[in-house]
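Only one structure is covered here, and it is reproduced in the block below.
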Amino acid sequence: GNSVTQMEGPVTLSEEAFLTINCTYTATGYPSLFWYVQYPGEGLQLLLKATKADDKGSNKGFEATYRKETTSFHLEKGSVQVSDSAVYFCALREGGGSQGNLIFGKGTKLSVKP
Amino acid sequence: EPEVTQTPSHQVTQMGQEVILRCVPISNHLYFYWYRQILGQKVEFLVSFYNNEISEKSEIFDDQFSVERPDGSNFTLKIRSTKLEDSAMYFCASSSQDRGKNYGYTFGSGTRLTVV
């Protein structure tokens, strides 16, 4: 079945450090891929998405590229800020007219220290 | 910006008791969902709801669970007889179109259910 695997946390970085959170997926067909973020005390928010191979999603300085050959969708940011501290979830949804719902990874907690 | 509101933010209940988790989806949304996350585990799909009926449910969503949209604004998840393993964060979400066409679920901030 479809699944998402993301790197275990927590990840602790200093401000302005480079961030990578790895995400790989297993899916039949051609899923859409997402990163969601959950700030402390808040709900899940869509951070970025990509709907087909080689698409790059980007938002708030974060980027992720849909790599079909490596079944990956790694999240990157060149210079993190304290305000980026949150839990990040990689997710997929089967594309087209299928019945798929969102399938999430376990989440990776990021803490950014000043 | 429109929000999905969930209440309560935290509920503690005794094993065997019934609980109702409440959600107010975004007003013009038509599709509603419940997901849950057991501590340290993945966020898992429970159920989707459209046009006053369940459109899809997962294996987790057994006879102990039910959903309702009682008054056109609230969307509730009821667990009839809670078990310890029901302890989790429960997320409500809504979308204006089905998951096949709109990628933009809006999630609530969750209800943390603790069964003791």
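Labels for the structure tokens follow display order: chains A, B, ..., residues from 1 in each chain, ligands from 1.
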Should the cut-off be 10 Å, what would the residue list for chain B against chain A look like, counting only C-alpha atoms, as number ranges by chain? B: 3-6, 9, 33, 35, 37-48, 55-58, 91-93, 98-101, 103-111
For the structure I just gave you, how does DSSP split segment 42-109 of chain B - specifically, which residues are strand (DSSP E)? Reply as a PyMOL selection string. chain B and resi 43-50+53-57+65-68+75-79+88-95+106-107
Could you write out that same residue set with C-alpha atoms as a compact mmCIF listing (two decimals), in the first residue's frame?
# COMPACT_ATOMS: atom_id res chain seq x y z
CA VAL B 43 -1.40 10.99 11.17
CA GLU B 44 -4.04 8.50 10.00
CA PHE B 45 -7.22 8.97 8.00
CA LEU B 46 -10.42 8.00 9.79
CA VAL B 47 -13.39 9.11 7.73
CA SER B 48 -14.64 11.49 5.08
CA PHE B 49 -18.15 12.91 4.92
CA TYR B 50 -20.10 14.53 2.13
CA GLU B 53 -23.19 10.67 4.63
CA ILE B 54 -19.89 8.90 5.00
CA SER B 55 -18.07 8.78 1.68
CA GLU B 56 -15.09 6.77 2.82
CA LYS B 57 -13.73 5.31 6.03
CA PHE B 65 -17.06 5.53 15.89
CA SER B 66 -19.72 7.65 14.28
CA VAL B 67 -19.89 11.07 12.65
CA GLU B 68 -22.70 13.52 12.35
CA PHE B 75 -19.32 18.19 12.44
CA THR B 76 -18.90 15.74 15.29
CA LEU B 77 -16.97 12.56 15.92
CA LYS B 78 -18.43 10.27 18.57
CA ILE B 79 -16.62 7.41 20.22
CA ALA B 88 -4.65 10.44 20.36
CA MET B 89 -4.79 13.86 18.76
CA TYR B 90 -7.88 14.07 16.56
CA PHE B 91 -7.82 16.49 13.64
CA CYS B 92 -10.84 17.72 11.76
CA ALA B 93 -10.45 19.07 8.22
CA SER B 94 -12.68 20.48 5.53
CA SER B 95 -12.35 21.29 1.86
CA THR B 106 -7.91 23.20 6.01
CA PHE B 107 -7.17 21.48 9.28
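Within the 7 Å cut-off around Thr13 of chain B, using only C-alpha atoms and omitting residues fewer than 5 positions from it on the same chain, the listed residues are Thr114, Val115 and Val116 of chain B.
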Selection: 7 Å around segment 71-84 of chain A, only C-alpha atoms, excl. self and same-chain fewer than 4 positions, as a ChimeraX atom specification: /A:15-25,61-67,112-114
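Computed from the coordinates, the atom CA of Asn2 of chain A to atom CA of Tyr30 of chain A distance equals 11.0 Å.
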